Amino acid sequence: MNKFIKKFVSRNRADRLLLINALLVLGTLIFTAGCTHRISRVEHAGAFPGRLTEKTIHTLPDTPITLGECIDIALANNLDLQILEIQKRLASLDRKSAFGNFLPNIGLRFSFSATDKPQLRQAGGSLVQMSDQEVANLAIELQQPIFLPQAWYLYDMRQKGEDISNLVLQRTRQQISLYVTSLYFACLSLEEAEAYLKTATISAEALLRETKAFEREGLVLPSQRREVETLLLESRLSLKNIHRISMEYRANLLEVMGLSPFADIKLKLEMPFAPAVQRELSEDVLEALINRLELHIDDRTLEIRKQEIRSAIAAFLPQIFGIGSFSHGSDSFLRYSNVWSYGVSAIMTVFDGFQNVFGYRAAREREKAAFIEREQTCMMIMLEVLSARNRAEQASDQLQVATMNAATAEESFREAQAQWNEGLLQLSEILEDVTNRDQARFMVTVVKYQQQVALATLADVLGRTKKEP
């Protein structure tokens, strides 16, 4: 190290000036290289749809996919989850950064100074040189925290903040799973509605043909024929509208799955939720209060607020550091060129305009607010449990009614079919019974889908929703 400093000092000024200019040019090149590349909006707009389409092709199979597969794809590709994954990693880095407060702080300091004339001082009527004309100094400084209580509380708060980010990620996964479930059954319900409206449109077309035939025989008025034409037009427009809505819901499902909303997705029917054994309301409420991740987040938040109070109290205590340094100077007039120094440093706030006092009071108020917010979350979850149970029971009752109506419509269709075989009914009359039967079947299917969504919602309220693909 001593040889390096002497060599640096011994350089002439032209060499040093050349070195400084070279460093400035190098720094300018590095800075401009980092600022020249800009992503064009047109370039991104042209490339993004293609990348998304390619990703969709590689992800979606050609065969119909089940609800579980939709959830797995969503949990693996959803963009919101990817952002939360980054936030989780940032929270981990914050926690690791806070741990650095316990480690020693080591710094390296180098300085070089030169004068155009030797520094002389009057001493006894003569001039005495006090130092070399060119001087270089090198110092290594060390600072080790010994007593720093606020650092411990800060690290603990950052650790709980990392836990909160992980819980938020898990809860978001649960919500996305539930959202995918609702979109999945909504798409299937719209498929059934589209099939039913196709049958209704066929019936309306047959009715219009019969009406026109009766009109030619003078048995139907033109106004009645127009009413049938209006009915057929409404049926066709309803079919188109249902098709548009189905496309939108499928696009929403694909977007949640992190895929192109313009792709074609085929769904395979799966009903994984079975009605659970009826329990007391208090048992469901207790399970929800234990499992719901929102309450776990509120618990961590309350613990952070308590640590903030302790940190505010620790602000009144001194901060103690151990310090040490080694310095080397090239000045030949110094008796000792290498010097070790060490000691202890303490910092204590005596008066800071009552900031510490008010900070302590604010921490106490934030703790009270966190406690109340947790109570609010408990109340919200209790109401959600009650509402989810009622919806699940209501869906079960509606399924019983729809099943009975379907059985009645099926029996009516069999009777009408027997009359049709004997020539006692017109085509429109038998088609009306077919439409009623298809409508009853459609209602049974839709109510089953609604029951699945209600059961999935109840499972989510109780904290049972799937979190991992």
# chains A, B, ... in the order shown; residues from 1 in each chain; ligands from 1
>>> residues_around(residues="Glu194 in chain A", least_positions_apart="2", cutoff="8 Å", atoms="only C-alpha atoms", output="mmCIF file with N, CA, C and O atoms, in the first residue's frame")
data_model
loop_
_atom_site.group_PDB
_atom_site.id
_atom_site.type_symbol
_atom_site.label_atom_id
_atom_site.label_comp_id
_atom_site.auth_asym_id
_atom_site.auth_seq_id
_atom_site.Cartn_x
_atom_site.Cartn_y
_atom_site.Cartn_z
ATOM 1 N N LEU A 190 -73.713 -19.911 -19.895
ATOM 2 C CA LEU A 190 -74.010 -19.216 -21.143
ATOM 3 C C LEU A 190 -74.050 -20.189 -22.320
ATOM 4 O O LEU A 190 -74.821 -19.991 -23.270
ATOM 5 N N GLU A 191 -73.228 -21.226 -22.268
ATOM 6 C CA GLU A 191 -73.317 -22.264 -23.305
ATOM 7 C C GLU A 191 -74.691 -22.928 -23.281
ATOM 8 O O GLU A 191 -75.319 -23.153 -24.335
ATOM 9 N N GLU A 192 -75.169 -23.258 -22.088
ATOM 10 C CA GLU A 192 -76.488 -23.868 -21.973
ATOM 11 C C GLU A 192 -77.585 -22.906 -22.443
ATOM 12 O O GLU A 192 -78.538 -23.324 -23.123
ATOM 13 N N TYR A 196 -80.227 -23.476 -25.460
ATOM 14 C CA TYR A 196 -81.682 -23.368 -25.254
ATOM 15 C C TYR A 196 -82.299 -22.368 -26.218
ATOM 16 O O TYR A 196 -83.366 -22.612 -26.801
ATOM 17 N N LEU A 197 -81.635 -21.221 -26.433
ATOM 18 C CA LEU A 197 -82.186 -20.209 -27.333
ATOM 19 C C LEU A 197 -82.180 -20.686 -28.779
ATOM 20 O O LEU A 197 -83.030 -20.285 -29.579
ATOM 21 N N LYS A 198 -81.231 -21.547 -29.132
ATOM 22 C CA LYS A 198 -81.267 -22.126 -30.479
ATOM 23 C C LYS A 198 -82.518 -22.972 -30.659
ATOM 24 O O LYS A 198 -83.192 -22.909 -31.705
ATOM 25 N N LEU A 239 -80.358 -14.692 -29.050
ATOM 26 C CA LEU A 239 -79.304 -15.663 -29.303
ATOM 27 C C LEU A 239 -77.977 -14.954 -29.624
ATOM 28 O O LEU A 239 -76.918 -15.350 -29.131
ATOM 29 N N ILE A 242 -76.617 -13.374 -26.353
ATOM 30 C CA ILE A 242 -76.022 -14.388 -25.476
ATOM 31 C C ILE A 242 -74.651 -14.814 -26.012
ATOM 32 O O ILE A 242 -73.701 -15.029 -25.245
ATOM 33 N N HIS A 243 -74.531 -14.912 -27.319
ATOM 34 C CA HIS A 243 -73.245 -15.291 -27.911
ATOM 35 C C HIS A 243 -72.191 -14.215 -27.629
ATOM 36 O O HIS A 243 -71.038 -14.547 -27.315
#
>>> closest_atom_pairs(of="range 59-96 of chain A", to="range 173-183 of chain A", cutoff="9 Å", atoms="only C-alpha atoms", output="Markdown table")
| residue | atom | partner | partner_atom | distance |
| --- | --- | --- | --- | --- |
| A:Leu67 | CA | A:Thr181 | CA | 6.8 |
| A:Gly68 | CA | A:Thr181 | CA | 8.9 |
| A:Cys70 | CA | A:Val180 | CA | 7.1 |
| A:Ile71 | CA | A:Ser177 | CA | 5.7 |
| A:Asp72 | CA | A:Ser177 | CA | 8.6 |
| A:Ala74 | CA | A:Ile176 | CA | 7.5 |
| A:Leu75 | CA | A:Arg173 | CA | 6.5 |
| A:Asn78 | CA | A:Ile176 | CA | 8.6 |
| A:Leu81 | CA | A:Arg173 | CA | 7.2 |
>>> closest_residue(among="A:Ile313, A:Leu188, A:Leu148, A:Val461", to="Ala388 in chain A", atoms="only C-alpha atoms")
A:Val461
>>> select_by_dssp(residues="range 141-190 of chain A", states="helix (DSSP H, G or I)", output="tab-separated table (two decimals) with N, CA and C atoms, in the first residue's frame")
chain	number	residue	atom	x	y	z
A	149	PRO	N	-31.00	-0.47	20.05
A	149	PRO	CA	-32.27	-1.20	20.21
A	149	PRO	C	-33.26	-0.96	19.08
A	150	GLN	N	-33.26	0.24	18.51
A	150	GLN	CA	-34.21	0.50	17.43
A	150	GLN	C	-33.97	-0.40	16.22
A	151	ALA	N	-32.70	-0.78	16.03
A	151	ALA	CA	-32.39	-1.65	14.90
A	151	ALA	C	-33.06	-3.01	15.06
A	152	TRP	N	-33.12	-3.52	16.29
A	152	TRP	CA	-33.78	-4.81	16.52
A	152	TRP	C	-35.27	-4.73	16.20
A	153	TYR	N	-35.91	-3.66	16.64
A	153	TYR	CA	-37.33	-3.50	16.36
A	153	TYR	C	-37.58	-3.30	14.87
A	154	LEU	N	-36.70	-2.57	14.21
A	154	LEU	CA	-36.85	-2.37	12.77
A	154	LEU	C	-36.74	-3.70	12.03
A	155	TYR	N	-35.78	-4.51	12.41
A	155	TYR	CA	-35.62	-5.81	11.75
A	155	TYR	C	-36.85	-6.69	11.98
A	156	ASP	N	-37.38	-6.69	13.19
A	156	ASP	CA	-38.55	-7.50	13.48
A	156	ASP	C	-39.76	-7.01	12.68
A	157	MET	N	-39.90	-5.70	12.53
A	157	MET	CA	-41.02	-5.16	11.75
A	157	MET	C	-40.88	-5.53	10.28
A	158	ARG	N	-39.66	-5.46	9.76
A	158	ARG	CA	-39.45	-5.84	8.37
A	158	ARG	C	-39.73	-7.33	8.17
A	159	GLN	N	-39.40	-8.14	9.17
A	159	GLN	CA	-39.67	-9.57	9.07
A	159	GLN	C	-41.17	-9.84	9.05
A	160	LYS	N	-41.91	-9.14	9.87
A	160	LYS	CA	-43.37	-9.30	9.86
A	160	LYS	C	-43.96	-8.71	8.58
A	161	GLY	N	-43.34	-7.65	8.04
A	161	GLY	CA	-43.79	-7.14	6.75
A	161	GLY	C	-43.61	-8.15	5.64
A	162	GLU	N	-42.53	-8.93	5.71
A	162	GLU	CA	-42.33	-10.01	4.74
A	162	GLU	C	-43.41	-11.07	4.90
A	163	ASP	N	-43.79	-11.39	6.16
A	163	ASP	CA	-44.87	-12.35	6.38
A	163	ASP	C	-46.18	-11.83	5.80
A	164	ILE	N	-46.43	-10.53	5.95
A	164	ILE	CA	-47.67	-9.94	5.43
A	164	ILE	C	-47.70	-10.04	3.91
A	165	SER	N	-46.58	-9.75	3.25
A	165	SER	CA	-46.55	-9.84	1.79
A	165	SER	C	-46.80	-11.26	1.33
A	166	ASN	N	-46.31	-12.24	2.07
A	166	ASN	CA	-46.57	-13.64	1.71
A	166	ASN	C	-48.04	-14.00	1.91
A	167	LEU	N	-48.63	-13.51	2.99
A	167	LEU	CA	-50.05	-13.77	3.24
A	167	LEU	C	-50.93	-13.08	2.20
A	168	VAL	N	-50.55	-11.87	1.81
A	168	VAL	CA	-51.32	-11.17	0.77
A	168	VAL	C	-51.26	-11.95	-0.54
A	169	LEU	N	-50.09	-12.49	-0.85
A	169	LEU	CA	-49.96	-13.30	-2.06
A	169	LEU	C	-50.85	-14.54	-2.00
A	170	GLN	N	-50.86	-15.22	-0.86
A	170	GLN	CA	-51.69	-16.42	-0.73
A	170	GLN	C	-53.18	-16.08	-0.81
A	171	ARG	N	-53.57	-14.97	-0.18
A	171	ARG	CA	-54.98	-14.58	-0.22
A	171	ARG	C	-55.40	-14.18	-1.63
A	172	THR	N	-54.52	-13.52	-2.36
A	172	THR	CA	-54.83	-13.17	-3.73
A	172	THR	C	-54.98	-14.42	-4.59
A	173	ARG	N	-54.15	-15.42	-4.33
A	173	ARG	CA	-54.32	-16.69	-5.04
A	173	ARG	C	-55.69	-17.31	-4.76
A	174	GLN	N	-56.13	-17.24	-3.52
A	174	GLN	CA	-57.45	-17.77	-3.19
A	174	GLN	C	-58.54	-17.01	-3.93
A	175	GLN	N	-58.43	-15.68	-3.95
A	175	GLN	CA	-59.45	-14.88	-4.63
A	175	GLN	C	-59.46	-15.14	-6.13
A	176	ILE	N	-58.28	-15.33	-6.72
A	176	ILE	CA	-58.23	-15.62	-8.15
A	176	ILE	C	-58.83	-16.99	-8.42
A	177	SER	N	-58.59	-17.96	-7.54
A	177	SER	CA	-59.19	-19.29	-7.70
A	177	SER	C	-60.71	-19.18	-7.68
A	178	LEU	N	-61.25	-18.41	-6.75
A	178	LEU	CA	-62.70	-18.23	-6.68
A	178	LEU	C	-63.22	-17.49	-7.91
A	179	TYR	N	-62.49	-16.48	-8.37
A	179	TYR	CA	-62.92	-15.73	-9.55
A	179	TYR	C	-62.92	-16.62	-10.79
A	180	VAL	N	-61.90	-17.45	-10.93
A	180	VAL	CA	-61.85	-18.39	-12.06
A	180	VAL	C	-63.04	-19.35	-11.98
A	181	THR	N	-63.36	-19.80	-10.78
A	181	THR	CA	-64.50	-20.72	-10.61
A	181	THR	C	-65.80	-20.07	-11.06
A	182	SER	N	-66.03	-18.82	-10.64
A	182	SER	CA	-67.26	-18.14	-11.03
A	182	SER	C	-67.32	-17.90	-12.54
A	183	LEU	N	-66.18	-17.53	-13.17
A	183	LEU	CA	-66.16	-17.33	-14.62
A	183	LEU	C	-66.35	-18.65	-15.36
A	184	TYR	N	-65.76	-19.71	-14.83
A	184	TYR	CA	-65.87	-21.03	-15.46
A	184	TYR	C	-67.33	-21.47	-15.54
A	185	PHE	N	-68.04	-21.39	-14.43
A	185	PHE	CA	-69.44	-21.82	-14.44
A	185	PHE	C	-70.33	-20.81	-15.16
A	186	ALA	N	-69.94	-19.53	-15.18
A	186	ALA	CA	-70.70	-18.56	-15.97
A	186	ALA	C	-70.60	-18.88	-17.45
A	187	CYS	N	-69.41	-19.26	-17.91
A	187	CYS	CA	-69.24	-19.64	-19.32
A	187	CYS	C	-70.07	-20.87	-19.66
A	188	LEU	N	-70.07	-21.85	-18.76
A	188	LEU	CA	-70.87	-23.05	-19.01
A	188	LEU	C	-72.37	-22.73	-19.01
A	189	SER	N	-72.79	-21.83	-18.12
A	189	SER	CA	-74.20	-21.44	-18.08
A	189	SER	C	-74.60	-20.74	-19.38
A	190	LEU	N	-73.71	-19.91	-19.90
A	190	LEU	CA	-74.01	-19.22	-21.14
A	190	LEU	C	-74.05	-20.19	-22.32
>>> atom_distance(atom1="CA of Pro275 in chain A", atom2="CA of Thr63 in chain A")
28.9 Å
>>> select_by_dssp(residues="range 121-313 of chain A", states="strand (DSSP E)", output="VMD selection string")
chain A and resid 121 to 123 126 to 129 134 to 147
>>> atom_distance(atom1="CA of Leu79 in chain A", atom2="CA of Leu52 in chain A")
12.2 Å
>>> residues_around(residues="Ile323 in chain A", least_positions_apart="2", cutoff="10 Å", atoms="only C-alpha atoms", output="PyMOL selection string")
chain A and resi 104-106+141-145+320-321+325+341-345
>>> write_last_selection(atoms="N, CA and C atoms", output="JSON list (two decimals), in the first residue's frame")
[["chain", "number", "residue", "atom", "x", "y", "z"],
["A", 104, "PRO", "N", -20.84, -4.62, 10.98],
["A", 104, "PRO", "CA", -19.92, -3.47, 11.00],
["A", 104, "PRO", "C", -19.96, -2.70, 9.70],
["A", 105, "ASN", "N", -19.71, -1.41, 9.84],
["A", 105, "ASN", "CA", -19.66, -0.51, 8.68],
["A", 105, "ASN", "C", -18.20, -0.16, 8.42],
["A", 106, "ILE", "N", -17.69, -0.61, 7.29],
["A", 106, "ILE", "CA", -16.28, -0.41, 6.94],
["A", 106, "ILE", "C", -16.20, 0.52, 5.74],
["A", 141, "GLU", "N", -11.74, 2.93, 7.96],
["A", 141, "GLU", "CA", -12.53, 3.26, 9.15],
["A", 141, "GLU", "C", -13.54, 2.15, 9.40],
["A", 142, "LEU", "N", -13.73, 1.81, 10.66],
["A", 142, "LEU", "CA", -14.64, 0.74, 11.08],
["A", 142, "LEU", "C", -15.57, 1.27, 12.16],
["A", 143, "GLN", "N", -16.87, 0.96, 11.99],
["A", 143, "GLN", "CA", -17.88, 1.34, 13.00],
["A", 143, "GLN", "C", -18.77, 0.13, 13.26],
["A", 144, "GLN", "N", -18.82, -0.32, 14.52],
["A", 144, "GLN", "CA", -19.59, -1.50, 14.90],
["A", 144, "GLN", "C", -20.65, -1.11, 15.93],
["A", 145, "PRO", "N", -21.96, -1.32, 15.58],
["A", 145, "PRO", "CA", -23.00, -1.03, 16.59],
["A", 145, "PRO", "C", -22.86, -1.96, 17.79],
["A", 320, "ILE", "N", -24.92, 3.32, 21.04],
["A", 320, "ILE", "CA", -23.50, 3.15, 21.34],
["A", 320, "ILE", "C", -22.84, 2.39, 20.18],
["A", 321, "PHE", "N", -21.72, 2.93, 19.72],
["A", 321, "PHE", "CA", -20.96, 2.33, 18.63],
["A", 321, "PHE", "C", -19.50, 2.18, 19.05],
["A", 325, "SER", "N", -10.01, 2.89, 13.39],
["A", 325, "SER", "CA", -9.54, 3.28, 12.06],
["A", 325, "SER", "C", -8.03, 3.08, 11.98],
["A", 341, "SER", "N", -6.31, 4.11, 15.53],
["A", 341, "SER", "CA", -7.13, 4.83, 16.51],
["A", 341, "SER", "C", -8.38, 4.01, 16.78],
["A", 342, "TYR", "N", -8.90, 4.10, 18.01],
["A", 342, "TYR", "CA", -10.07, 3.33, 18.39],
["A", 342, "TYR", "C", -10.75, 4.02, 19.56],
["A", 343, "GLY", "N", -12.01, 3.64, 19.77],
["A", 343, "GLY", "CA", -12.76, 4.27, 20.86],
["A", 343, "GLY", "C", -14.21, 3.85, 20.83],
["A", 344, "VAL", "N", -15.00, 4.52, 21.62],
["A", 344, "VAL", "CA", -16.43, 4.27, 21.75],
["A", 344, "VAL", "C", -17.17, 5.57, 21.53],
["A", 345, "SER", "N", -18.27, 5.51, 20.77],
["A", 345, "SER", "CA", -19.07, 6.69, 20.50],
["A", 345, "SER", "C", -20.50, 6.43, 20.95]]
